[in-house]
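Coordinates as given in my_file_14.pdb (PDB, C-alpha atoms):
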```pdb
ATOM      1  CA  MET A1027      10.649  11.537  15.336  1.00  0.00           C
ATOM      2  CA  ASP A1028      14.379  11.829  14.741  1.00  0.00           C
ATOM      3  CA  GLN A1029      14.926   9.442  17.596  1.00  0.00           C
ATOM      4  CA  ASP A1030      12.533   6.984  15.963  1.00  0.00           C
ATOM      5  CA  LYS A1031      14.441   7.290  12.702  1.00  0.00           C
ATOM      6  CA  GLU A1032      17.668   6.245  14.348  1.00  0.00           C
ATOM      7  CA  LYS A1033      16.061   3.343  16.125  1.00  0.00           C
ATOM      8  CA  VAL A1034      14.469   1.725  13.090  1.00  0.00           C
ATOM      9  CA  GLY A1035      16.683  -1.224  12.187  1.00  0.00           C
ATOM     10  CA  CYS A1036      14.443  -3.350  10.050  1.00  0.00           C
ATOM     11  CA  ALA A1037      10.866  -3.030   8.928  1.00  0.00           C
ATOM     12  CA  ARG A1038       8.469  -3.764  11.780  1.00  0.00           C
ATOM     13  CA  PRO A1039       4.711  -3.879  11.879  1.00  0.00           C
ATOM     14  CA  THR A1040       3.460  -2.215  15.077  1.00  0.00           C
ATOM     15  CA  GLY A1041       1.008  -5.068  15.509  1.00  0.00           C
ATOM     16  CA  SER A1042      -1.985  -2.744  15.410  1.00  0.00           C
ATOM     17  CA  VAL A1043      -3.716  -0.655  12.764  1.00  0.00           C
ATOM     18  CA  VAL A1044      -2.992   2.923  11.736  1.00  0.00           C
ATOM     19  CA  GLY A1045      -4.341   5.466  14.162  1.00  0.00           C
ATOM     20  CA  ALA A1046      -4.693   2.973  17.029  1.00  0.00           C
ATOM     21  CA  SER A1047      -3.016   3.834  20.296  1.00  0.00           C
ATOM     22  CA  PRO A1048       0.283   1.962  20.397  1.00  0.00           C
ATOM     23  CA  LYS A1049       0.561  -1.179  22.465  1.00  0.00           C
ATOM     24  CA  GLU A1050       2.866  -1.021  25.457  1.00  0.00           C
ATOM     25  CA  LYS A1051       6.377  -1.172  24.149  1.00  0.00           C
ATOM     26  CA  SER A1052       8.953  -3.565  25.491  1.00  0.00           C
ATOM     27  CA  SER A1053      12.657  -3.234  24.937  1.00  0.00           C
ATOM     28  CA  LYS A1054      13.147  -6.996  25.026  1.00  0.00           C
ATOM     29  CA  PRO A1055      12.877  -8.524  21.554  1.00  0.00           C
ATOM     30  CA  GLU A1056      11.307 -11.728  22.906  1.00  0.00           C
ATOM     31  CA  GLU A1057       8.451  -9.653  24.280  1.00  0.00           C
ATOM     32  CA  GLN A1058       7.679  -7.985  20.964  1.00  0.00           C
ATOM     33  CA  PRO A1059       4.258  -8.964  19.602  1.00  0.00           C
ATOM     34  CA  LYS A1060       4.353 -12.246  17.687  1.00  0.00           C
ATOM     35  CA  GLU A1061       3.460 -12.040  14.007  1.00  0.00           C
ATOM     36  CA  GLU A1062       0.533 -14.436  14.467  1.00  0.00           C
ATOM     37  CA  SER A1063      -1.073 -12.024  16.918  1.00  0.00           C
ATOM     38  CA  MET A1064      -0.493  -9.027  14.683  1.00  0.00           C
ATOM     39  CA  VAL A1065      -3.380  -7.492  12.816  1.00  0.00           C
ATOM     40  CA  GLN A1066      -3.562  -8.748   9.206  1.00  0.00           C
ATOM     41  CA  VAL A1067      -4.582  -6.736   6.170  1.00  0.00           C
ATOM     42  CA  LYS A1068      -8.245  -6.886   5.190  1.00  0.00           C
ATOM     43  CA  ALA A1069     -10.084  -5.010   2.435  1.00  0.00           C
ATOM     44  CA  GLY A1070     -12.380  -2.515   4.153  1.00  0.00           C
ATOM     45  CA  GLY A1071     -10.364  -2.659   7.376  1.00  0.00           C
ATOM     46  CA  LYS A1072      -7.769  -0.279   8.771  1.00  0.00           C
ATOM     47  CA  ALA A1073      -4.304  -0.872   7.375  1.00  0.00           C
ATOM     48  CA  PRO A1074      -1.734  -2.601   9.589  1.00  0.00           C
ATOM     49  CA  ASP A1075       0.652   0.097  10.769  1.00  0.00           C
ATOM     50  CA  PHE A1076       4.432  -0.248  10.473  1.00  0.00           C
ATOM     51  CA  GLN A1077       7.705   1.585  10.659  1.00  0.00           C
ATOM     52  CA  ALA A1078      10.411   0.802   8.132  1.00  0.00           C
ATOM     53  CA  PRO A1079      13.698   2.104   6.751  1.00  0.00           C
ATOM     54  CA  ALA A1080      13.451   3.706   3.328  1.00  0.00           C
ATOM     55  CA  TYR A1081      15.460   5.331   0.565  1.00  0.00           C
ATOM     56  CA  HIS A1082      13.941   8.589  -0.678  1.00  0.00           C
ATOM     57  CA  GLN A1083      15.485  10.946  -3.239  1.00  0.00           C
ATOM     58  CA  GLY A1084      19.105  10.517  -2.235  1.00  0.00           C
ATOM     59  CA  LYS A1085      18.501  10.162   1.519  1.00  0.00           C
ATOM     60  CA  PHE A1086      18.011   7.325   3.969  1.00  0.00           C
ATOM     61  CA  THR A1087      14.932   7.888   6.057  1.00  0.00           C
ATOM     62  CA  SER A1088      12.195   6.078   7.937  1.00  0.00           C
ATOM     63  CA  VAL A1089       8.551   5.651   6.998  1.00  0.00           C
ATOM     64  CA  LYS A1090       5.694   5.216   9.444  1.00  0.00           C
ATOM     65  CA  LEU A1091       2.412   4.444   7.729  1.00  0.00           C
ATOM     66  CA  SER A1092       0.307   6.290  10.311  1.00  0.00           C
ATOM     67  CA  ASP A1093       2.188   9.518   9.483  1.00  0.00           C
ATOM     68  CA  TYR A1094       0.290   9.417   6.172  1.00  0.00           C
ATOM     69  CA  LEU A1095      -3.177   9.570   7.747  1.00  0.00           C
ATOM     70  CA  GLY A1096      -5.090  12.292   5.886  1.00  0.00           C
ATOM     71  CA  LYS A1097      -3.552  11.335   2.541  1.00  0.00           C
ATOM     72  CA  TRP A1098      -4.233   8.644  -0.033  1.00  0.00           C
ATOM     73  CA  VAL A1099      -1.510   5.994   0.088  1.00  0.00           C
ATOM     74  CA  LEU A1100      -0.497   3.475  -2.543  1.00  0.00           C
ATOM     75  CA  LEU A1101       1.514   0.719  -0.878  1.00  0.00           C
ATOM     76  CA  CYS A1102       3.291  -1.632  -3.294  1.00  0.00           C
ATOM     77  CA  PHE A1103       5.320  -4.765  -2.696  1.00  0.00           C
ATOM     78  CA  TYR A1104       7.524  -6.423  -5.311  1.00  0.00           C
ATOM     79  CA  PRO A1105       9.949  -9.340  -5.261  1.00  0.00           C
ATOM     80  CA  GLY A1106      13.266  -7.611  -5.862  1.00  0.00           C
ATOM     81  CA  ASP A1107      15.332  -4.717  -7.189  1.00  0.00           C
ATOM     82  CA  PHE A1108      16.939  -5.303 -10.597  1.00  0.00           C
ATOM     83  CA  THR A1109      14.461  -8.027 -11.488  1.00  0.00           C
ATOM     84  CA  PHE A1110      12.839  -7.829 -14.883  1.00  0.00           C
ATOM     85  CA  VAL A1111       9.083  -7.363 -14.598  1.00  0.00           C
TER      86      VAL A1111
ATOM     87  CA  MET B 628      12.897  -6.968   0.226  1.00  0.00           C
ATOM     88  CA  ASP B 629      16.159  -5.354  -0.808  1.00  0.00           C
ATOM     89  CA  SER B 630      18.123  -3.074   1.491  1.00  0.00           C
ATOM     90  CA  ILE B 631      17.896   0.707   1.286  1.00  0.00           C
ATOM     91  CA  PHE B 632      21.458   0.605  -0.101  1.00  0.00           C
ATOM     92  CA  THR B 633      20.388  -1.585  -3.018  1.00  0.00           C
ATOM     93  CA  HIS B 634      17.375   0.710  -3.537  1.00  0.00           C
ATOM     94  CA  LYS B 635      19.755   3.661  -3.834  1.00  0.00           C
ATOM     95  CA  ILE B 636      21.905   2.025  -6.495  1.00  0.00           C
ATOM     96  CA  TRP B 637      18.896   0.655  -8.393  1.00  0.00           C
ATOM     97  CA  ASP B 638      17.349   4.133  -8.443  1.00  0.00           C
ATOM     98  CA  GLU B 639      20.609   5.808  -9.486  1.00  0.00           C
ATOM     99  CA  GLU B 640      21.754   3.248 -12.036  1.00  0.00           C
ATOM    100  CA  GLU B 641      18.520   2.142 -13.655  1.00  0.00           C
ATOM    101  CA  LEU B 642      15.240   3.671 -12.526  1.00  0.00           C
ATOM    102  CA  SER B 643      16.375   7.278 -12.927  1.00  0.00           C
ATOM    103  CA  LYS B 644      16.935   6.432 -16.604  1.00  0.00           C
ATOM    104  CA  MET B 645      13.296   5.347 -16.882  1.00  0.00           C
ATOM    105  CA  VAL B 646      11.714   8.041 -14.665  1.00  0.00           C
ATOM    106  CA  ASP B 647      12.927  11.647 -14.815  1.00  0.00           C
ATOM    107  CA  GLY B 648      14.468  12.616 -11.476  1.00  0.00           C
ATOM    108  CA  GLY B 649      14.345   9.067 -10.145  1.00  0.00           C
ATOM    109  CA  ILE B 650      11.670   7.490  -7.986  1.00  0.00           C
ATOM    110  CA  PRO B 651       9.730  10.315  -6.284  1.00  0.00           C
ATOM    111  CA  PHE B 652       8.294   8.263  -3.395  1.00  0.00           C
ATOM    112  CA  PRO B 653      10.012   6.474  -0.485  1.00  0.00           C
ATOM    113  CA  MET B 654      11.324   2.985  -1.301  1.00  0.00           C
ATOM    114  CA  ILE B 655      10.852   0.885   1.813  1.00  0.00           C
ATOM    115  CA  SER B 656      13.066  -2.052   2.737  1.00  0.00           C
ATOM    116  CA  ASP B 657      11.260  -5.118   4.103  1.00  0.00           C
ATOM    117  CA  GLY B 658      14.348  -7.277   4.436  1.00  0.00           C
ATOM    118  CA  ALA B 659      12.911  -9.929   6.727  1.00  0.00           C
ATOM    119  CA  GLY B 660       9.433  -9.956   5.185  1.00  0.00           C
ATOM    120  CA  HIS B 661       7.794  -8.716   8.409  1.00  0.00           C
ATOM    121  CA  LEU B 662       5.575  -6.268   6.497  1.00  0.00           C
ATOM    122  CA  GLY B 663       4.884  -8.791   3.742  1.00  0.00           C
ATOM    123  CA  LYS B 664       3.569 -11.234   6.333  1.00  0.00           C
ATOM    124  CA  VAL B 665       0.955  -8.876   7.796  1.00  0.00           C
ATOM    125  CA  TYR B 666       0.011  -7.742   4.267  1.00  0.00           C
ATOM    126  CA  GLY B 667      -0.386 -11.350   3.054  1.00  0.00           C
ATOM    127  CA  VAL B 668       2.204 -11.139   0.286  1.00  0.00           C
ATOM    128  CA  TYR B 669       5.184 -12.974   1.797  1.00  0.00           C
ATOM    129  CA  ASP B 670       6.128 -16.172  -0.041  1.00  0.00           C
ATOM    130  CA  GLU B 671       7.820 -18.417   2.520  1.00  0.00           C
ATOM    131  CA  ASN B 672       9.361 -20.767  -0.071  1.00  0.00           C
ATOM    132  CA  ALA B 673      10.907 -18.070  -2.230  1.00  0.00           C
ATOM    133  CA  GLY B 674      11.660 -15.816   0.738  1.00  0.00           C
ATOM    134  CA  VAL B 675      10.296 -12.759  -1.057  1.00  0.00           C
ATOM    135  CA  ASP B 676       7.321 -10.414  -0.998  1.00  0.00           C
ATOM    136  CA  ILE B 677       5.319 -11.013  -4.157  1.00  0.00           C
ATOM    137  CA  ARG B 678       3.610  -8.215  -6.081  1.00  0.00           C
ATOM    138  CA  GLY B 679       1.012  -6.632  -3.810  1.00  0.00           C
ATOM    139  CA  ARG B 680      -0.761  -3.309  -4.209  1.00  0.00           C
ATOM    140  CA  PHE B 681      -2.913  -1.644  -1.576  1.00  0.00           C
ATOM    141  CA  ILE B 682      -4.977   1.548  -1.883  1.00  0.00           C
ATOM    142  CA  ILE B 683      -5.301   3.127   1.568  1.00  0.00           C
ATOM    143  CA  ASP B 684      -7.670   6.074   2.059  1.00  0.00           C
ATOM    144  CA  PRO B 685      -7.047   9.156   4.247  1.00  0.00           C
ATOM    145  CA  ASP B 686      -8.688   7.393   7.226  1.00  0.00           C
ATOM    146  CA  GLY B 687      -6.200   4.531   6.924  1.00  0.00           C
ATOM    147  CA  VAL B 688      -8.801   2.131   5.492  1.00  0.00           C
ATOM    148  CA  VAL B 689      -7.641  -0.371   2.856  1.00  0.00           C
ATOM    149  CA  GLN B 690     -10.090   0.227  -0.009  1.00  0.00           C
ATOM    150  CA  ALA B 691      -8.506  -2.090  -2.575  1.00  0.00           C
ATOM    151  CA  MET B 692      -5.885  -4.791  -2.781  1.00  0.00           C
ATOM    152  CA  GLU B 693      -4.346  -6.649  -5.711  1.00  0.00           C
ATOM    153  CA  ILE B 694      -1.842  -9.472  -5.428  1.00  0.00           C
ATOM    154  CA  LEU B 695       0.039 -10.965  -8.386  1.00  0.00           C
ATOM    155  CA  THR B 696       2.671 -13.680  -8.615  1.00  0.00           C
ATOM    156  CA  PRO B 697       6.075 -12.454  -9.858  1.00  0.00           C
ATOM    157  CA  PRO B 698       6.037 -12.991 -13.650  1.00  0.00           C
ATOM    158  CA  VAL B 699       3.275 -10.493 -14.536  1.00  0.00           C
ATOM    159  CA  GLY B 700       3.465  -6.772 -13.854  1.00  0.00           C
ATOM    160  CA  ARG B 701       0.804  -4.340 -12.724  1.00  0.00           C
ATOM    161  CA  HIS B 702      -1.090  -1.888 -14.914  1.00  0.00           C
ATOM    162  CA  LEU B 703      -0.760   1.556 -13.379  1.00  0.00           C
ATOM    163  CA  ASP B 704      -3.738   2.949 -15.361  1.00  0.00           C
ATOM    164  CA  GLU B 705      -6.034   0.526 -13.550  1.00  0.00           C
ATOM    165  CA  THR B 706      -4.618   1.518 -10.180  1.00  0.00           C
ATOM    166  CA  ILE B 707      -5.152   5.209 -10.958  1.00  0.00           C
ATOM    167  CA  ARG B 708      -8.684   4.492 -12.178  1.00  0.00           C
ATOM    168  CA  GLN B 709      -9.490   2.757  -8.901  1.00  0.00           C
ATOM    169  CA  VAL B 710      -8.031   5.618  -6.843  1.00  0.00           C
ATOM    170  CA  GLN B 711     -10.131   8.122  -8.841  1.00  0.00           C
ATOM    171  CA  ALA B 712     -13.254   6.004  -8.344  1.00  0.00           C
ATOM    172  CA  PHE B 713     -12.709   5.681  -4.590  1.00  0.00           C
ATOM    173  CA  GLN B 714     -11.996   9.400  -4.377  1.00  0.00           C
ATOM    174  CA  HIS B 715     -15.287  10.125  -6.153  1.00  0.00           C
ATOM    175  CA  VAL B 716     -17.234   7.863  -3.796  1.00  0.00           C
ATOM    176  CA  ARG B 717     -15.565   9.508  -0.814  1.00  0.00           C
ATOM    177  CA  LYS B 718     -16.298  13.024  -2.118  1.00  0.00           C
ATOM    178  CA  THR B 719     -20.000  12.207  -2.418  1.00  0.00           C
ATOM    179  CA  LYS B 720     -19.966  10.428   0.963  1.00  0.00           C
ATOM    180  CA  GLY B 721     -21.100   7.238  -0.751  1.00  0.00           C
ATOM    181  CA  ALA B 722     -24.188   8.803  -2.401  1.00  0.00           C
ATOM    182  CA  GLU B 723     -22.657   8.100  -5.807  1.00  0.00           C
ATOM    183  CA  VAL B 724     -20.960   4.840  -6.723  1.00  0.00           C
ATOM    184  CA  CYS B 725     -18.858   3.821  -9.711  1.00  0.00           C
ATOM    185  CA  PRO B 726     -20.051   0.842 -11.761  1.00  0.00           C
ATOM    186  CA  SER B 727     -17.839  -1.670 -13.546  1.00  0.00           C
ATOM    187  CA  GLY B 728     -15.585  -0.158 -16.184  1.00  0.00           C
ATOM    188  CA  TRP B 729     -16.179   3.364 -14.836  1.00  0.00           C
ATOM    189  CA  HIS B 730     -13.750   6.128 -15.755  1.00  0.00           C
ATOM    190  CA  PRO B 731     -13.802   9.770 -14.588  1.00  0.00           C
ATOM    191  CA  GLY B 732     -16.506  11.627 -16.517  1.00  0.00           C
ATOM    192  CA  ASP B 733     -18.650   8.497 -17.007  1.00  0.00           C
ATOM    193  CA  PRO B 734     -22.108   8.365 -15.421  1.00  0.00           C
ATOM    194  CA  VAL B 735     -22.168   7.311 -11.769  1.00  0.00           C
ATOM    195  CA  LEU B 736     -24.946   5.422 -10.035  1.00  0.00           C
ATOM    196  CA  LYS B 737     -27.066   6.751  -7.173  1.00  0.00           C
ATOM    197  CA  PRO B 738     -28.141   3.693  -5.217  1.00  0.00           C
ATOM    198  CA  GLY B 739     -31.743   3.764  -4.022  1.00  0.00           C
ATOM    199  CA  PRO B 740     -35.113   2.058  -4.484  1.00  0.00           C
ATOM    200  CA  ASP B 741     -35.686   3.657  -7.914  1.00  0.00           C
ATOM    201  CA  LEU B 742     -32.504   2.154  -9.330  1.00  0.00           C
ATOM    202  CA  VAL B 743     -33.278  -1.460  -8.451  1.00  0.00           C
ATOM    203  CA  GLY B 744     -33.575  -3.469 -11.664  1.00  0.00           C
ATOM    204  CA  LYS B 745     -33.050  -0.292 -13.704  1.00  0.00           C
ATOM    205  CA  VAL B 746     -29.293  -0.113 -13.866  1.00  0.00           C
ATOM    206  CA  TRP B 747     -29.512  -1.231 -17.518  1.00  0.00           C
ATOM    207  CA  LYS B 748     -31.264   2.062 -18.336  1.00  0.00           C
ATOM    208  CA  VAL B 749     -28.480   4.275 -17.043  1.00  0.00           C
ATOM    209  CA  TRP B 750     -25.345   2.190 -17.378  1.00  0.00           C
ATOM    210  CA  LYS B 751     -24.368   0.845 -20.779  1.00  0.00           C
ATOM    211  CA  PRO B 752     -20.869  -0.609 -20.620  1.00  0.00           C
ATOM    212  CA  LYS B 753     -18.894  -0.526 -23.862  1.00  0.00           C
TER     213      LYS B 753
END
```

As structure tokens - that is how I would like this structure written.
Amino acid sequence: MDQDKEKVGCARPTGSVVGASPKEKSSKPEEQPKEESMVQVKAGGKAPDFQAPAYHQGKFTSVKLSDYLGKWVLLCFYPGDFTFV
Amino acid sequence: MDSIFTHKIWDEEELSKMVDGGIPFPMISDGAGHLGKVYGVYDENAGVDIRGRFIIDPDGVVQAMEILTPPVGRHLDETIRQVQAFQHVRKTKGAEVCPSGWHPGDPVLKPGPDLVGKVWKVWKPK
């Protein structure tokens, strides 16, 4: 887990849904799954899993959606910090 | 979209003045829009994630999604209402469902042959 936290550079979908067994990982960036082949969100379907850097209560951390299995999750996107709406 | 560093300053300088103790949940950075793309909210022209909101249940299933363009904000009461409704349905294993305009405490519907064509008798929206 701590190792994962250090490795997360930018937000990355895993390419599969939460709870699915992870696809074989490759260290070469060009062999990472292409976005077109990644699972897309669908109402009634399992959420696309991801790992992403996050700020949480004074600390920098990493969030993996599948770590929240067993809880209700509200996932919100918005255009930008310091914008008005 | 913003970096975790910008999130920190935004939380410290502005949001903590609107919410006691600052933002209690993790603020994710999706700098390159990778998450926005798989969640269908990435605007290629503007290079930003637009306003998207997803309710994900404890099994990881997306039960609701709402997507707005930037100039109009969400209404948190409606989000909470939907979470409460989905939680009720889940608690009853789908035996009870929540009709339009439902709030906690309102009558629920029990789908079955006896209810067909009779919803008007039990559900009177305001």

Taking 6 positions as the minimum chain separation for residues in the same chain, which residues sit within 10 Å of Val716 (chain B) when counting all atoms listed in the file? Answer as a list in words. Val710, Ala722, Glu723, Val724, Cys725 and Val735 of chain B

Using C-alpha atoms, can you export the residues from the last selection as a PDB file, keeping the file's coordinate frame?
```
ATOM      1  CA  VAL B 710      -8.031   5.618  -6.843  1.00  0.00           C
ATOM      2  CA  ALA B 722     -24.188   8.803  -2.401  1.00  0.00           C
ATOM      3  CA  GLU B 723     -22.657   8.100  -5.807  1.00  0.00           C
ATOM      4  CA  VAL B 724     -20.960   4.840  -6.723  1.00  0.00           C
ATOM      5  CA  CYS B 725     -18.858   3.821  -9.711  1.00  0.00           C
ATOM      6  CA  VAL B 735     -22.168   7.311 -11.769  1.00  0.00           C
TER       7      VAL B 735
END
```

Taking all atoms listed in the file into account, report as a ChimeraX atom specification which residues of chain A lie within 7 Å of chain B. /A:1036-1039,1044,1065-1073,1078-1083,1095-1108,1111

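Under the PyMOL selection byres ((chain A and resi 1040) around 9), the matching residues in the shown file are Arg1038, Pro1039, Gly1041, Ser1042, Val1043, Val1044, Pro1048, Lys1049, Pro1059, Met1064, Val1065, Pro1074, Asp1075, Phe1076 and Gln1077 of chain A.
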
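Rounded to one decimal, CA of Asp741 (chain B) and CA of Arg717 (chain B) lie 22.1 Å from each other.
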
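Here CA of Pro731 (chain B) stands at a distance of 7.3 Å from CA of Ala712 (chain B).
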
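With all atoms listed in the file as the basis for measurement, B:Pro726 is the residue among B:Pro726, B:Lys753, B:Lys748, B:Gly721 that approaches Arg708 (chain B) most closely.
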
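CA of Pro752 (chain B) lies 20.6 Å from CA of His702 (chain B).
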
B:Lys720, B:Ser727, B:Asp704, B:Gln711: which is nearest Lys751 (chain B), counting all atoms listed in the file? B:Ser727

With all atoms of region 644-647 of chain B from the file as input, state the centre and edge lengths in Å to one decimal of the axis-aligned box that has 4 Å extra on each side, as JSON.
```
{"center_x": 14.3, "center_y": 8.5, "center_z": -15.8, "size_x": 13.2, "size_y": 14.3, "size_z": 10.2}
```
